[in-house]
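**Student:** Contents of data10.txt (compact mmCIF, C-alpha atoms):
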# COMPACT_ATOMS: atom_id res chain seq x y z
CA MET A 1465 29.61 15.87 -33.87
CA ASP A 1466 27.17 15.43 -31.00
CA ASP A 1467 24.10 13.62 -32.32
CA GLY A 1468 21.87 14.63 -29.41
CA THR A 1469 21.98 11.34 -27.52
CA ASP A 1470 23.15 12.90 -24.28
CA ASP A 1471 22.88 9.67 -22.33
CA ARG A 1472 25.98 8.20 -23.97
CA THR A 1473 28.90 7.64 -21.65
CA ILE A 1474 32.26 9.37 -22.08
CA GLY A 1475 33.78 6.07 -23.14
CA VAL A 1476 31.19 5.54 -25.89
CA ARG A 1477 31.61 9.09 -27.12
CA LEU A 1478 35.39 8.77 -27.04
CA GLN A 1479 35.23 5.59 -29.13
CA ALA A 1480 32.84 7.22 -31.61
CA VAL A 1481 35.16 10.21 -32.13
CA ARG A 1482 38.21 7.95 -32.43
CA GLU A 1483 36.55 5.74 -35.05
CA ARG A 1484 35.23 8.75 -36.94
CA THR A 1485 38.74 10.14 -37.27
CA GLY A 1486 40.09 6.76 -38.37
CA LYS A 1487 42.62 6.39 -35.56
CA THR A 1488 43.35 3.05 -33.91
CA ARG A 1489 43.43 2.46 -30.17
CA PRO A 1490 47.19 1.76 -30.11
CA VAL A 1491 47.99 5.05 -31.83
CA VAL A 1492 45.68 7.21 -29.69
CA ALA A 1493 46.71 5.53 -26.46
CA GLY A 1494 50.38 5.71 -27.37
CA LEU A 1495 50.18 9.44 -28.05
CA VAL A 1496 49.04 10.06 -24.46
CA GLY A 1497 51.52 7.58 -22.97
CA ARG A 1498 49.09 4.79 -22.15
CA SER A 1499 48.33 1.30 -23.45
CA ALA A 1500 45.63 0.28 -25.91
CA GLU A 1501 44.09 -1.89 -23.18
CA TRP A 1502 43.78 1.18 -20.94
CA LEU A 1503 41.86 3.03 -23.65
CA LYS A 1504 39.73 -0.02 -24.44
CA ALA A 1505 38.73 -0.33 -20.79
CA ILE A 1506 37.57 3.31 -20.77
CA GLU A 1507 35.65 2.96 -24.03
CA ARG A 1508 33.93 -0.22 -22.82
CA GLY A 1509 33.05 1.28 -19.44
CA ARG A 1510 35.27 -1.08 -17.43
CA SER A 1511 37.30 1.85 -16.08
CA LYS A 1512 36.25 5.24 -14.83
CA PRO A 1513 36.61 8.17 -17.24
CA PRO A 1514 40.05 9.84 -17.10
CA ARG A 1515 40.63 13.13 -15.34
CA LEU A 1516 40.14 16.45 -17.14
CA ASP A 1517 43.83 16.87 -18.02
CA MET A 1518 43.87 13.47 -19.72
CA LEU A 1519 40.59 14.20 -21.50
CA VAL A 1520 42.15 17.37 -22.87
CA ARG A 1521 45.19 15.41 -24.11
CA LEU A 1522 42.91 12.85 -25.77
CA ALA A 1523 40.90 15.65 -27.37
CA GLU A 1524 44.07 17.18 -28.79
CA VAL A 1525 45.20 13.85 -30.24
CA LEU A 1526 41.77 13.33 -31.84
CA GLY A 1527 41.58 16.88 -33.21
CA VAL A 1528 38.59 17.79 -31.02
CA ARG A 1529 38.21 21.50 -30.28
CA ASP A 1530 35.07 21.24 -28.16
CA LEU A 1531 35.35 18.90 -25.21
CA ALA A 1532 31.58 18.44 -25.24
CA GLU A 1533 32.04 16.01 -28.14
CA ILE A 1534 33.60 13.67 -25.60
CA THR A 1535 31.93 14.67 -22.33
CA GLY A 1536 28.42 15.39 -23.64
CA GLU A 1537 28.22 18.29 -21.21
CA ALA A 1538 28.29 22.04 -21.71
CA SER A 1539 30.58 23.34 -24.41
CA VAL A 1540 34.18 23.79 -23.25
CA PRO A 1541 36.19 25.27 -26.15
CA LEU A 1542 39.81 24.20 -26.14
CA GLY A 1543 42.67 26.54 -26.81
CA VAL A 1544 45.72 25.46 -28.76
CA GLY A 1545 47.83 23.50 -26.30
CA ARG A 1546 51.60 23.71 -26.13
CA ARG A 1547 52.95 20.22 -25.73
CA SER A 1548 56.60 19.68 -24.90
CA GLY A 1549 57.45 16.02 -24.66
CA HIS A 1550 61.18 16.66 -25.02
CA PRO A 1551 63.53 19.38 -23.70
CA ALA A 1552 64.52 20.33 -27.27
CA VAL A 1553 61.00 21.52 -28.12
CA ALA A 1554 61.04 24.86 -26.26
CA ASP A 1555 64.07 26.33 -28.04
CA ILE A 1556 62.93 25.09 -31.45
CA ARG A 1557 59.50 26.60 -30.81
CA GLU A 1558 61.05 29.96 -29.96
CA ALA A 1559 63.16 29.91 -33.14
CA ILE A 1560 60.19 29.03 -35.36
CA GLU A 1561 57.50 31.18 -33.74
CA GLY A 1562 59.67 34.20 -32.87
CA VAL A 1563 59.01 37.41 -34.81
CA GLN A 1564 62.04 39.24 -36.22
CA LEU A 1565 60.85 42.76 -37.02
CA VAL A 1566 64.33 44.27 -37.32
CA VAL A 1567 67.38 42.52 -38.73
CA ALA A 1568 70.40 44.18 -37.19
CA GLU A 1569 73.11 41.52 -37.54
CA SER A 1570 75.00 40.63 -40.70
CA PRO A 1571 73.52 37.57 -42.45
CA VAL A 1572 75.19 34.18 -42.52
CA SER A 1573 76.16 33.16 -46.05
CA ALA A 1574 74.07 30.64 -47.96
CA ASP A 1575 77.08 28.33 -48.21
CA GLU A 1576 77.50 28.38 -44.44
CA LEU A 1577 73.79 27.65 -43.96
CA HIS A 1578 74.02 24.67 -46.30
CA ARG A 1579 77.05 23.34 -44.45
CA ARG A 1580 75.33 23.64 -41.07
CA ALA A 1581 72.08 22.11 -42.32
CA ALA A 1582 73.95 19.13 -43.77
CA HIS A 1583 75.84 18.72 -40.50
CA ALA A 1584 72.59 18.82 -38.49
CA TRP A 1585 71.12 16.04 -40.64
CA THR A 1586 74.28 13.97 -40.18
CA VAL A 1587 74.00 14.42 -36.42
CA TRP A 1588 70.31 13.43 -36.51
CA HIS A 1589 71.06 10.21 -38.35
CA SER A 1590 74.17 9.23 -36.38
CA SER A 1591 73.17 10.01 -32.79
CA ALA A 1592 71.54 7.57 -30.37
CA THR A 1593 69.81 10.65 -28.90
CA PRO A 1594 68.81 12.33 -32.16
CA ARG A 1595 66.29 14.80 -30.74
CA ALA A 1596 68.67 16.09 -28.12
CA ALA A 1597 71.65 16.23 -30.50
CA ALA A 1598 70.01 17.74 -33.58
CA GLY A 1599 67.61 19.77 -31.47
CA GLY A 1600 70.56 21.62 -29.98
CA LEU A 1601 71.71 22.75 -33.44
CA LEU A 1602 68.39 23.74 -34.98
CA PRO A 1603 67.37 26.94 -33.11
CA ALA A 1604 70.43 28.95 -34.17
CA LEU A 1605 70.31 27.50 -37.68
CA ILE A 1606 66.65 28.46 -38.11
CA ARG A 1607 67.18 31.97 -36.75
CA ASP A 1608 70.22 32.53 -38.99
CA GLY A 1609 68.34 31.15 -41.99
CA ARG A 1610 65.35 33.39 -41.38
CA ARG A 1611 67.67 36.39 -41.13
CA ALA A 1612 69.52 35.45 -44.32
CA VAL A 1613 66.45 35.14 -46.53
CA ARG A 1614 65.45 38.67 -45.52
CA THR A 1615 68.78 40.28 -46.27
CA VAL A 1616 70.57 38.54 -49.15
CA GLU A 1617 69.52 38.89 -52.79
CA GLY A 1618 69.42 37.00 -56.07
CA GLN A 1619 70.75 33.45 -56.31
CA ASP A 1620 72.14 33.63 -52.77
CA ARG A 1621 68.62 34.21 -51.50
CA ARG A 1622 67.30 31.14 -53.33
CA GLN A 1623 70.11 29.08 -51.87
CA ALA A 1624 69.38 30.43 -48.40
CA TYR A 1625 65.74 29.40 -48.82
CA ILE A 1626 66.85 25.88 -49.80
CA ALA A 1627 69.04 25.61 -46.68
CA LEU A 1628 66.26 26.99 -44.46
CA ALA A 1629 63.79 24.49 -45.96
CA SER A 1630 66.20 21.72 -44.97
CA ALA A 1631 66.35 23.07 -41.41
CA TYR A 1632 62.55 23.17 -41.18
CA ALA A 1633 62.40 19.63 -42.58
CA LEU A 1634 64.69 18.43 -39.82
CA SER A 1635 62.70 20.31 -37.20
CA GLU A 1636 59.60 18.35 -38.31
CA GLN A 1637 61.49 15.11 -37.71
CA VAL A 1638 62.65 16.27 -34.27
CA LEU A 1639 59.22 17.57 -33.24
CA ALA A 1640 57.19 14.57 -34.43
CA TRP A 1641 55.36 12.89 -31.51
CA VAL A 1642 56.88 15.25 -28.88
CA ALA A 1643 55.32 18.62 -29.80
CA ASP A 1644 51.76 19.83 -30.22
CA SER A 1645 50.24 19.49 -33.66
CA ALA A 1646 50.13 23.27 -34.17
CA LEU A 1647 53.92 23.58 -33.96
CA LEU A 1648 54.42 20.52 -36.14
CA TRP A 1649 52.10 21.98 -38.77
CA LEU A 1650 53.91 25.31 -38.62
CA ALA A 1651 57.31 23.69 -39.17
CA ALA A 1652 56.02 21.72 -42.18
CA ASP A 1653 54.23 24.74 -43.63
CA ARG A 1654 57.36 26.89 -43.28
CA CYS A 1655 59.34 24.15 -45.03
CA MET A 1656 56.96 24.21 -47.99
CA GLU A 1657 56.90 28.02 -48.06
CA CYS A 1658 60.72 28.11 -48.29
CA ALA A 1659 60.68 25.48 -51.05
CA GLN A 1660 58.19 27.54 -53.04
CA GLN A 1661 60.32 30.66 -52.61
CA ALA A 1662 63.37 28.74 -53.82
CA ASP A 1663 61.38 27.33 -56.78
CA ASP A 1664 63.64 24.28 -56.86
CA PRO A 1665 62.11 20.89 -57.85
CA ASP A 1666 64.26 18.85 -55.45
CA THR A 1667 63.44 21.16 -52.54
CA LEU A 1668 59.74 21.13 -53.42
CA ALA A 1669 59.78 17.32 -53.41
CA MET A 1670 61.56 17.26 -50.04
CA ALA A 1671 59.01 19.70 -48.62
CA SER A 1672 56.19 17.50 -49.97
CA TRP A 1673 57.78 14.52 -48.19
CA VAL A 1674 57.78 16.55 -44.95
CA LEU A 1675 54.28 18.02 -45.26
CA GLY A 1676 52.89 14.68 -46.36
CA ASN A 1677 54.25 13.05 -43.21
CA VAL A 1678 52.36 15.59 -41.10
CA TRP A 1679 49.16 15.25 -43.13
CA ARG A 1680 49.28 11.45 -42.84
CA SER A 1681 49.81 11.57 -39.08
CA THR A 1682 46.92 14.00 -38.57
CA GLY A 1683 44.27 12.11 -40.49
CA ARG A 1684 44.65 13.68 -43.95
CA GLU A 1685 45.76 10.52 -45.71
CA ASP A 1686 44.02 11.35 -49.00
CA ASP A 1687 45.73 14.74 -49.17
CA ALA A 1688 49.08 13.19 -48.23
CA LEU A 1689 48.81 10.60 -51.00
CA ARG A 1690 47.82 13.21 -53.57
CA LEU A 1691 50.74 15.45 -52.56
CA ALA A 1692 53.19 12.55 -52.94
CA GLN A 1693 51.83 11.82 -56.40
CA ASP A 1694 52.14 15.50 -57.40
CA ALA A 1695 55.73 15.61 -56.12
CA ALA A 1696 56.60 12.48 -58.11
CA ALA A 1697 55.10 14.04 -61.24
CA LEU A 1698 57.18 17.19 -60.66
CA LEU A 1699 60.40 15.17 -60.65
CA GLU A 1700 59.43 12.76 -63.44
CA PRO A 1701 61.19 14.76 -66.19
CA HIS A 1702 64.46 14.62 -64.21
CA LEU A 1703 64.66 10.84 -63.80
CA ALA A 1704 66.44 10.10 -67.06
CA ASP A 1705 69.29 12.61 -66.94
CA GLY A 1706 68.96 14.22 -63.50
CA SER A 1707 71.11 13.79 -60.42
CA ASP A 1708 71.10 10.91 -57.95
CA GLU A 1709 69.52 13.34 -55.48
CA SER A 1710 66.55 13.95 -57.81
CA ARG A 1711 66.06 10.22 -58.40
CA ALA A 1712 66.30 9.58 -54.67
CA LEU A 1713 63.70 12.22 -53.86
CA TRP A 1714 61.37 10.72 -56.49
CA GLY A 1715 61.86 7.37 -54.79
CA ALA A 1716 61.32 8.88 -51.34
CA VAL A 1717 57.92 10.31 -52.25
CA GLN A 1718 57.01 6.93 -53.79
CA LEU A 1719 57.84 5.27 -50.45
CA HIS A 1720 55.79 7.94 -48.69
CA ALA A 1721 52.89 7.15 -51.02
CA ALA A 1722 53.33 3.41 -50.36
CA ILE A 1723 53.16 3.87 -46.57
CA THR A 1724 50.17 6.21 -46.87
CA ALA A 1725 48.27 3.87 -49.18
CA GLY A 1726 49.07 0.94 -46.89
CA ARG A 1727 47.59 2.72 -43.90
CA MET A 1728 44.49 3.43 -45.97
CA GLY A 1729 44.20 -0.28 -46.78
CA ARG A 1730 44.86 0.30 -50.50
CA GLU A 1731 47.07 -2.74 -50.98
CA GLY A 1732 47.46 -2.53 -54.75
CA ASP A 1733 48.53 1.12 -54.70
CA ALA A 1734 50.90 0.51 -51.79
CA LEU A 1735 52.68 -2.42 -53.45
CA ARG A 1736 52.83 -0.63 -56.81
CA CYS A 1737 54.55 2.40 -55.23
CA LEU A 1738 56.95 0.08 -53.42
CA ASP A 1739 57.86 -1.58 -56.72
CA GLN A 1740 58.42 1.78 -58.41
CA ALA A 1741 60.69 2.92 -55.61
CA ALA A 1742 62.64 -0.34 -55.76
CA THR A 1743 63.15 0.07 -59.51
CA VAL A 1744 64.64 3.55 -59.23
CA SER A 1745 66.80 2.51 -56.25
CA THR A 1746 68.73 0.16 -58.54
CA ARG A 1747 69.95 3.21 -60.44
CA LEU A 1748 71.65 4.64 -57.36
CA PRO A 1749 75.20 3.87 -56.20
CA SER A 1750 75.56 0.80 -54.00
CA GLY A 1751 75.40 1.71 -50.32
CA TRP A 1752 74.34 5.30 -51.07
CA ALA A 1753 71.46 7.03 -49.28
CA HIS A 1754 69.94 10.48 -49.68
CA PRO A 1755 71.26 12.67 -46.84
CA VAL A 1756 67.78 13.81 -45.77
CA THR A 1757 65.23 11.13 -46.69
CA LEU A 1758 67.71 8.20 -46.52
CA PHE A 1759 66.27 6.86 -49.77
CA GLY A 1760 68.50 4.17 -51.21
CA PRO A 1761 68.48 0.43 -51.86
CA ALA A 1762 68.59 -0.54 -48.17
CA ASN A 1763 65.86 1.81 -46.98
CA THR A 1764 63.64 0.88 -49.92
CA THR A 1765 63.77 -2.80 -49.03
CA LEU A 1766 63.16 -2.21 -45.36
CA THR A 1767 60.26 0.20 -45.89
CA GLY A 1768 58.47 -2.86 -47.21
CA ILE A 1769 58.32 -4.08 -43.59
CA SER A 1770 56.28 -1.03 -42.59
CA VAL A 1771 53.95 -1.37 -45.55
CA GLN A 1772 53.32 -5.08 -45.00
CA VAL A 1773 52.60 -4.51 -41.31
CA ASP A 1774 50.18 -1.69 -42.11
CA LEU A 1775 48.43 -4.08 -44.51
CA SER A 1776 48.21 -6.61 -41.63
CA ARG A 1777 50.45 -9.02 -43.53
CA ALA A 1778 52.68 -9.95 -40.62
CA ALA A 1779 54.13 -13.08 -42.21
CA GLN A 1780 55.29 -11.17 -45.29
CA ALA A 1781 56.69 -8.38 -43.11
CA LEU A 1782 58.75 -10.81 -41.07
CA ASP A 1783 59.95 -12.55 -44.23
CA VAL A 1784 61.30 -9.19 -45.47
CA ALA A 1785 62.92 -8.54 -42.10
CA ASN A 1786 64.56 -11.97 -41.97
CA ALA A 1787 66.08 -11.50 -45.42
CA ALA A 1788 67.25 -7.90 -44.91
CA ASP A 1789 70.10 -6.14 -43.13
CA VAL A 1790 68.54 -3.47 -40.91
CA ASP A 1791 71.98 -2.18 -39.98
CA ALA A 1792 72.55 -1.18 -43.61
CA VAL A 1793 70.32 1.85 -43.02
CA PRO A 1794 72.67 4.72 -42.06
CA SER A 1795 70.49 6.19 -39.31
CA LEU A 1796 70.12 5.02 -35.73
CA ASP A 1797 66.65 6.57 -35.43
CA ARG A 1798 65.50 4.89 -38.63
CA ARG A 1799 66.95 1.53 -37.57
CA THR A 1800 65.14 1.83 -34.26
CA ARG A 1801 61.84 2.51 -35.98
CA LEU A 1802 62.38 -0.38 -38.39
CA TRP A 1803 62.88 -2.77 -35.49
CA LEU A 1804 59.71 -1.29 -34.01
CA GLU A 1805 57.89 -2.22 -37.22
CA VAL A 1806 59.22 -5.77 -36.84
CA ALA A 1807 57.89 -5.78 -33.28
CA ARG A 1808 54.48 -4.76 -34.66
CA GLY A 1809 54.67 -7.76 -36.97
CA TYR A 1810 55.32 -10.13 -34.06
CA ALA A 1811 52.50 -8.48 -32.11
CA GLN A 1812 50.10 -9.08 -35.00
CA ARG A 1813 51.05 -12.77 -34.86
CA LYS A 1814 50.31 -12.84 -31.10
CA ASP A 1815 53.94 -13.61 -30.29
CA PRO A 1816 54.76 -11.70 -27.08
CA ILE A 1817 58.22 -13.24 -26.72
CA GLY A 1818 59.22 -12.14 -30.21
CA THR A 1819 57.66 -8.72 -29.65
CA LEU A 1820 59.53 -8.22 -26.38
CA HIS A 1821 62.87 -9.37 -27.80
CA VAL A 1822 62.67 -7.03 -30.79
CA MET A 1823 61.50 -4.11 -28.62
CA GLN A 1824 64.50 -4.63 -26.36
CA ARG A 1825 66.78 -4.64 -29.40
CA ALA A 1826 65.26 -1.38 -30.63
CA ILE A 1827 65.76 0.28 -27.25
CA GLY A 1828 69.39 -0.81 -27.34
CA ILE A 1829 69.84 1.26 -30.52
CA SER A 1830 68.05 4.43 -29.40
CA GLU A 1831 66.07 4.57 -26.18
CA GLU A 1832 65.19 8.20 -26.92
CA SER A 1833 63.55 7.32 -30.22
CA MET A 1834 61.54 4.55 -28.58
CA ARG A 1835 60.40 6.76 -25.69
CA CYS A 1836 59.14 9.34 -28.17
CA HIS A 1837 57.21 6.98 -30.45
CA PRO A 1838 53.55 6.28 -29.58
CA VAL A 1839 53.57 2.81 -31.13
CA ALA A 1840 56.50 1.79 -28.90
CA ARG A 1841 54.69 2.96 -25.79
CA SER A 1842 51.47 1.25 -26.85
CA LEU A 1843 53.18 -2.07 -27.57
CA ALA A 1844 54.99 -1.92 -24.24
CA GLY A 1845 51.72 -1.38 -22.38
CA ASP A 1846 50.00 -4.19 -24.25
CA LEU A 1847 52.83 -6.59 -23.40
CA VAL A 1848 52.30 -5.92 -19.70
CA VAL A 1849 48.54 -6.34 -19.88
CA SER A 1850 48.19 -9.25 -22.29
CA GLY A 1851 51.66 -10.67 -22.95
CA GLY A 1852 51.33 -13.42 -20.36
CA ARG A 1853 53.23 -14.28 -17.23
CA MET A 1854 56.29 -15.52 -19.11
CA VAL A 1855 57.14 -11.97 -20.25
CA GLU A 1856 55.37 -9.90 -17.60
CA ARG A 1857 58.39 -8.99 -15.49
CA GLU A 1858 60.54 -7.94 -18.45
CA ALA A 1859 57.55 -6.24 -20.05
CA ARG A 1860 57.01 -4.12 -16.94
CA ALA A 1861 60.67 -3.13 -16.97
CA LEU A 1862 60.36 -2.21 -20.64
CA ALA A 1863 57.24 -0.15 -20.05
CA SER A 1864 58.91 1.67 -17.17
CA GLN A 1865 61.94 2.39 -19.36
CA LEU A 1866 59.66 3.98 -21.95
CA GLY A 1867 57.71 6.00 -19.38
CA VAL A 1868 54.46 4.07 -19.82
CA THR A 1869 51.97 3.87 -16.96
CA VAL A 1870 49.94 0.64 -17.08
Please render this file's structure as structure tokens.
**Tutor:**
Amino acid sequence: MDDGTDDRTIGVRLQAVRERTGKTRPVVAGLVGRSAEWLKAIERGRSKPPRLDMLVRLAEVLGVRDLAEITGEASVPLGVGRRSGHPAVADIREAIEGVQLVVAESPVSADELHRRAAHAWTVWHSSATPRAAAGGLLPALIRDGRRAVRTVEGQDRRQAYIALASAYALSEQVLAWVADSALLWLAADRCMECAQQADDPDTLAMASWVLGNVWRSTGREDDALRLAQDAAALLEPHLADGSDESRALWGAVQLHAAITAGRMGREGDALRCLDQAATVSTRLPSGWAHPVTLFGPANTTLTGISVQVDLSRAAQALDVANAADVDAVPSLDRRTRLWLEVARGYAQRKDPIGTLHVMQRAIGISEESMRCHPVARSLAGDLVVSGGRMVEREARALASQLGVTV
């Protein structure tokens, strides 16, 4: 909050808010499509303050509802913005936010909803343009699911809620980084609401995985970690004689807890959760992965890259990457993001050539996923600004490909 020192510059105030919310320059800059060096120059007073539209975008990223916290001027309350960083967002928004007062059409069966939800997840994992491909399937699936849970009864209704929870879970994945936080929160909240209505442990764990992702990305790391621990405790009784799906979801929330603890700097907790996930992954069929969370032996190993990078242990992260098979993960989006984590490791070691090479490899898998991820945009901008002349030309081409203005 404003401490009364009105003579502070916008850059100083911006840095104070960013540090108070615990967000790094690369993340904040990436979310508005700029480089970390661009943001640093503003905070240090080397560049003029951005225009009002950019200040509003920065305020949204930082969770600021009164622009005076950044400008130091008269209060300017901010409304809830509607961000659409991908063409798929508008139709998904309409399906989620639309109000159905009267249900006139016959409901789709729960079995049909499950089939379509499973197909949508398969499309998401297999497409090089996952947001466009899965985003085209979700609006009708969500509308049909919402209609079904209002009209069917008994066990069919519980099953419809499970299928609808899966659709909301996928919508969170599609909307991440390309929609405003309000819509992302709504999708995650609806996912948890459906899971609670279904009263199914596996679905509750999946919804916790989804909601925890949103909490972690919006600064509620403590809550996200606690939710992951609660979800693991819920599934604990099912580990001995439950299904592979239950064991995989227990492992998935352990990986979620590991990533969250890593970003909080809690190394011991992060590595312990990684070890627990690795142990349960050995009880799953070779080459198998959960159809939603992708939990399995391959993804468990490779999540260690993300955790080591978040702990600023670049050497260990690259050791994991060098010994692993990224292509064993059955999702193009996930493979892309894993290569992005490797690029972060090279960036931490001040290796622009390695960073550039791995970024180019990631783009070759899914350019859409890279364009939508703030870390990818931030790394691309940093390569242009500080990568050196040897990589500058290719770095500029990379930044342009990702839509980054440097």
**Student:** Within 12 Å of range 1771-1788 of chain A, counting all atoms listed in the file, which residues qualify if same-chain residues fewer than 3 places away don't, as a ChimeraX atom specification?
**Tutor:** /A:1488,1719-1739,1761-1768,1791-1793,1799,1802-1815,1818-1819,1822
**Student:** Just the selected residues (C-alpha atoms), exported as a PDB file, in the frame of the given file, please.
**Tutor:**
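Writing done, so here's out-v3.pdb:
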ATOM      1  CA  THR A1488      43.350   3.050 -33.910  1.00  0.00           C
ATOM      2  CA  LEU A1719      57.840   5.270 -50.450  1.00  0.00           C
ATOM      3  CA  HIS A1720      55.790   7.940 -48.690  1.00  0.00           C
ATOM      4  CA  ALA A1721      52.890   7.150 -51.020  1.00  0.00           C
ATOM      5  CA  ALA A1722      53.330   3.410 -50.360  1.00  0.00           C
ATOM      6  CA  ILE A1723      53.160   3.870 -46.570  1.00  0.00           C
ATOM      7  CA  THR A1724      50.170   6.210 -46.870  1.00  0.00           C
ATOM      8  CA  ALA A1725      48.270   3.870 -49.180  1.00  0.00           C
ATOM      9  CA  GLY A1726      49.070   0.940 -46.890  1.00  0.00           C
ATOM     10  CA  ARG A1727      47.590   2.720 -43.900  1.00  0.00           C
ATOM     11  CA  MET A1728      44.490   3.430 -45.970  1.00  0.00           C
ATOM     12  CA  GLY A1729      44.200  -0.280 -46.780  1.00  0.00           C
ATOM     13  CA  ARG A1730      44.860   0.300 -50.500  1.00  0.00           C
ATOM     14  CA  GLU A1731      47.070  -2.740 -50.980  1.00  0.00           C
ATOM     15  CA  GLY A1732      47.460  -2.530 -54.750  1.00  0.00           C
ATOM     16  CA  ASP A1733      48.530   1.120 -54.700  1.00  0.00           C
ATOM     17  CA  ALA A1734      50.900   0.510 -51.790  1.00  0.00           C
ATOM     18  CA  LEU A1735      52.680  -2.420 -53.450  1.00  0.00           C
ATOM     19  CA  ARG A1736      52.830  -0.630 -56.810  1.00  0.00           C
ATOM     20  CA  CYS A1737      54.550   2.400 -55.230  1.00  0.00           C
ATOM     21  CA  LEU A1738      56.950   0.080 -53.420  1.00  0.00           C
ATOM     22  CA  ASP A1739      57.860  -1.580 -56.720  1.00  0.00           C
ATOM     23  CA  PRO A1761      68.480   0.430 -51.860  1.00  0.00           C
ATOM     24  CA  ALA A1762      68.590  -0.540 -48.170  1.00  0.00           C
ATOM     25  CA  ASN A1763      65.860   1.810 -46.980  1.00  0.00           C
ATOM     26  CA  THR A1764      63.640   0.880 -49.920  1.00  0.00           C
ATOM     27  CA  THR A1765      63.770  -2.800 -49.030  1.00  0.00           C
ATOM     28  CA  LEU A1766      63.160  -2.210 -45.360  1.00  0.00           C
ATOM     29  CA  THR A1767      60.260   0.200 -45.890  1.00  0.00           C
ATOM     30  CA  GLY A1768      58.470  -2.860 -47.210  1.00  0.00           C
ATOM     31  CA  ASP A1791      71.980  -2.180 -39.980  1.00  0.00           C
ATOM     32  CA  ALA A1792      72.550  -1.180 -43.610  1.00  0.00           C
ATOM     33  CA  VAL A1793      70.320   1.850 -43.020  1.00  0.00           C
ATOM     34  CA  ARG A1799      66.950   1.530 -37.570  1.00  0.00           C
ATOM     35  CA  LEU A1802      62.380  -0.380 -38.390  1.00  0.00           C
ATOM     36  CA  TRP A1803      62.880  -2.770 -35.490  1.00  0.00           C
ATOM     37  CA  LEU A1804      59.710  -1.290 -34.010  1.00  0.00           C
ATOM     38  CA  GLU A1805      57.890  -2.220 -37.220  1.00  0.00           C
ATOM     39  CA  VAL A1806      59.220  -5.770 -36.840  1.00  0.00           C
ATOM     40  CA  ALA A1807      57.890  -5.780 -33.280  1.00  0.00           C
ATOM     41  CA  ARG A1808      54.480  -4.760 -34.660  1.00  0.00           C
ATOM     42  CA  GLY A1809      54.670  -7.760 -36.970  1.00  0.00           C
ATOM     43  CA  TYR A1810      55.320 -10.130 -34.060  1.00  0.00           C
ATOM     44  CA  ALA A1811      52.500  -8.480 -32.110  1.00  0.00           C
ATOM     45  CA  GLN A1812      50.100  -9.080 -35.000  1.00  0.00           C
ATOM     46  CA  ARG A1813      51.050 -12.770 -34.860  1.00  0.00           C
ATOM     47  CA  LYS A1814      50.310 -12.840 -31.100  1.00  0.00           C
ATOM     48  CA  ASP A1815      53.940 -13.610 -30.290  1.00  0.00           C
ATOM     49  CA  GLY A1818      59.220 -12.140 -30.210  1.00  0.00           C
ATOM     50  CA  THR A1819      57.660  -8.720 -29.650  1.00  0.00           C
ATOM     51  CA  VAL A1822      62.670  -7.030 -30.790  1.00  0.00           C
TER      52      VAL A1822
END
**Student:** Show me the residues close to (68.8, 16.6, -58.7) - anything with an atom within 12 Å, counting only C-alpha atoms - and format the list as a ChimeraX atom specification.
**Tutor:** /A:1664-1670,1698-1714,1754
**Student:** Kindly indicate which residue among A:Gly1536, A:Pro1571, A:Pro1794, A:Gly1845 lies nearest to Ser1864 in chain A, using all atoms listed in the file for the distances.
**Tutor:**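 Closest residue, counting all atoms listed in the file: A:Gly1845.
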**Student:** Tell me which protein, DNA and RNA residues are within 9 Å of Gly1494 in chain A, counting all atoms listed in the file, leaving out same-chain ones fewer than 2 positions away, and put them as an MDAnalysis selection string.
**Tutor:** chainID A and resid 1489:1492 1496:1500 1837:1843 1845 1868
**Student:** Box for range 1752-1758 of chain A - axis-aligned, 8 Å on each of the six sides, all listed atoms - centre and size in Å to one decimal, as JSON.
**Tutor:**
{"center_x": 69.8, "center_y": 9.6, "center_z": -48.4, "size_x": 25.1, "size_y": 24.5, "size_z": 21.3}
**Student:** Using all atoms listed in the file, determine which residues lie at most 10 Å from Leu1650 in chain A, disregarding the query and same-chain residues fewer than 3 positions distant; provide the list as a PyMOL selection string.
**Tutor:** chain A and resi 1557+1560-1561+1632+1636+1645-1647+1653-1656+1675
**Student:** Please dump the current selection as a CSV table (one decimal), in the coordinates of the input; keep C-alpha atoms.
**Tutor:**
chain,number,residue,atom,x,y,z
A,1557,ARG,CA,59.5,26.6,-30.8
A,1560,ILE,CA,60.2,29.0,-35.4
A,1561,GLU,CA,57.5,31.2,-33.7
A,1632,TYR,CA,62.6,23.2,-41.2
A,1636,GLU,CA,59.6,18.4,-38.3
A,1645,SER,CA,50.2,19.5,-33.7
A,1646,ALA,CA,50.1,23.3,-34.2
A,1647,LEU,CA,53.9,23.6,-34.0
A,1653,ASP,CA,54.2,24.7,-43.6
A,1654,ARG,CA,57.4,26.9,-43.3
A,1655,CYS,CA,59.3,24.2,-45.0
A,1656,MET,CA,57.0,24.2,-48.0
A,1675,LEU,CA,54.3,18.0,-45.3
**Student:** So, counting all atoms listed in the file, which residue among A:Ala1582, A:Leu1648, A:Thr1473, A:Val1756 is closest to Ala1532 in chain A?
**Tutor:**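 Among the listed residues, the smallest separation from Ala1532 in chain A belongs to A:Thr1473.
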**Student:** Quote the spacing between CA of Pro1816 in chain A and CA of Arg1798 in chain A in Å to one decimal place.
**Tutor:**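 Spanning CA of Pro1816 in chain A to CA of Arg1798 in chain A is a straight-line distance of 22.9 Å.
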**Student:** Is it possible to get the residues within 12 Å of (46.2, 15.2, -46.0) (coordinates as in the file, counting all atoms listed in the file) written as a list in words?
**Tutor:** Trp1649, Ser1672, Trp1673, Val1674, Leu1675, Gly1676, Asn1677, Val1678, Trp1679, Arg1680, Ser1681, Thr1682, Gly1683, Arg1684, Glu1685, Asp1686, Asp1687, Ala1688, Leu1689, Arg1690, Leu1691, Ala1692, Ala1721, Thr1724, Ala1725 and Met1728 of chain A
